[in-house]
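To start, the structure itself, in structure tokens.
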Amino acid sequence: MRKLPGKGIRMNRVGKWVALCVSIGVLTAGGDALASPDAESGARKETKAPAAAEKIQVEKAKGADAYTVSEAYENAAKLDKKTVVVRGKVVKVSKAILGKNWVHLQDGSGDPGKGTNDLVFTTKDDPKVGSVVTAKGTLYKDKDFGAGYKYKVVVEKATVKP
């Protein structure tokens, strides 16, 4: 166990892991399919993607592995663990969580009510919010990061280019 400076609190490995998971949840709140507790029942429910202030309309990427955000959700089962390329507008970036940046892309497709309009990519790249980029990475369906944080669809180890 380690004593936290100035806090008088000791934290073991499990406590550190829980603190990390809580931090991830706080930083990524509003993600496309993060689970959050329901105030009344305590059960986990999915939250919606961040809403865009203006109407987003981005042209689909080109090539064999190119998909729109909504197509990535619709075809998640067949695309699981396969390479995808998606072009969209960066609407949110959460930096340096678990050693990577978590980038939310929207292209104008999908249903905001169902959370299928926002796709999360993990990357070492650092795109700017508001920029239109093309991201290429491996799609995972029903990815569970633990502590109740689960994405219906997430794209990992992506490269992001303008």
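Residues in the structure tokens are named by chain (A, B, ... in the order shown) and by number from 1 within that chain; ligands are numbered from 1 in the order shown.
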Problem set entry | Neighbour list for region 59-64 of chain A as a list in words, cut-off 6 Å, only C-alpha atoms, skip fewer than 4 positions in-chain | Thr68, Val86 and Arg87 of chain A
Exercise. What gap, in Å, lies between CA of Lys100 (chain A) and CA of Ser70 (chain A)?
Worked result: 24.0 Å
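For the pair CA of Asp80 (chain A) and CA of Val132 (chain A), the separation is 24.6 Å.
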For this session: Write out as a ChimeraX atom specification which residues come within 10 Å of Gly99 (chain A) when counting only C-alpha atoms, dropping same-chain ones fewer than 6 positions away.
Result: /A:122-124
For this session: May I ask which of the residues A:Val58, A:Ala76, A:Val160, A:Ile97 is the closest one to Lys143 (chain A), counting only C-alpha atoms?
Result: A:Ala76
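For the residues A:Lys95, A:Val133, A:Lys78, A:His104, ranking by smallest atom-to-atom distance to Thr116 (chain A) using only C-alpha atoms places A:His104 first.
Minimum distance to Ala66 (chain A) across A:Lys150, A:Lys82, A:Lys89, A:Lys114 (counting only C-alpha atoms) occurs at A:Lys82.
Reported to one decimal place, the separation of CA of Lys92 (chain A) from CA of Val129 (chain A) is 5.9 Å.
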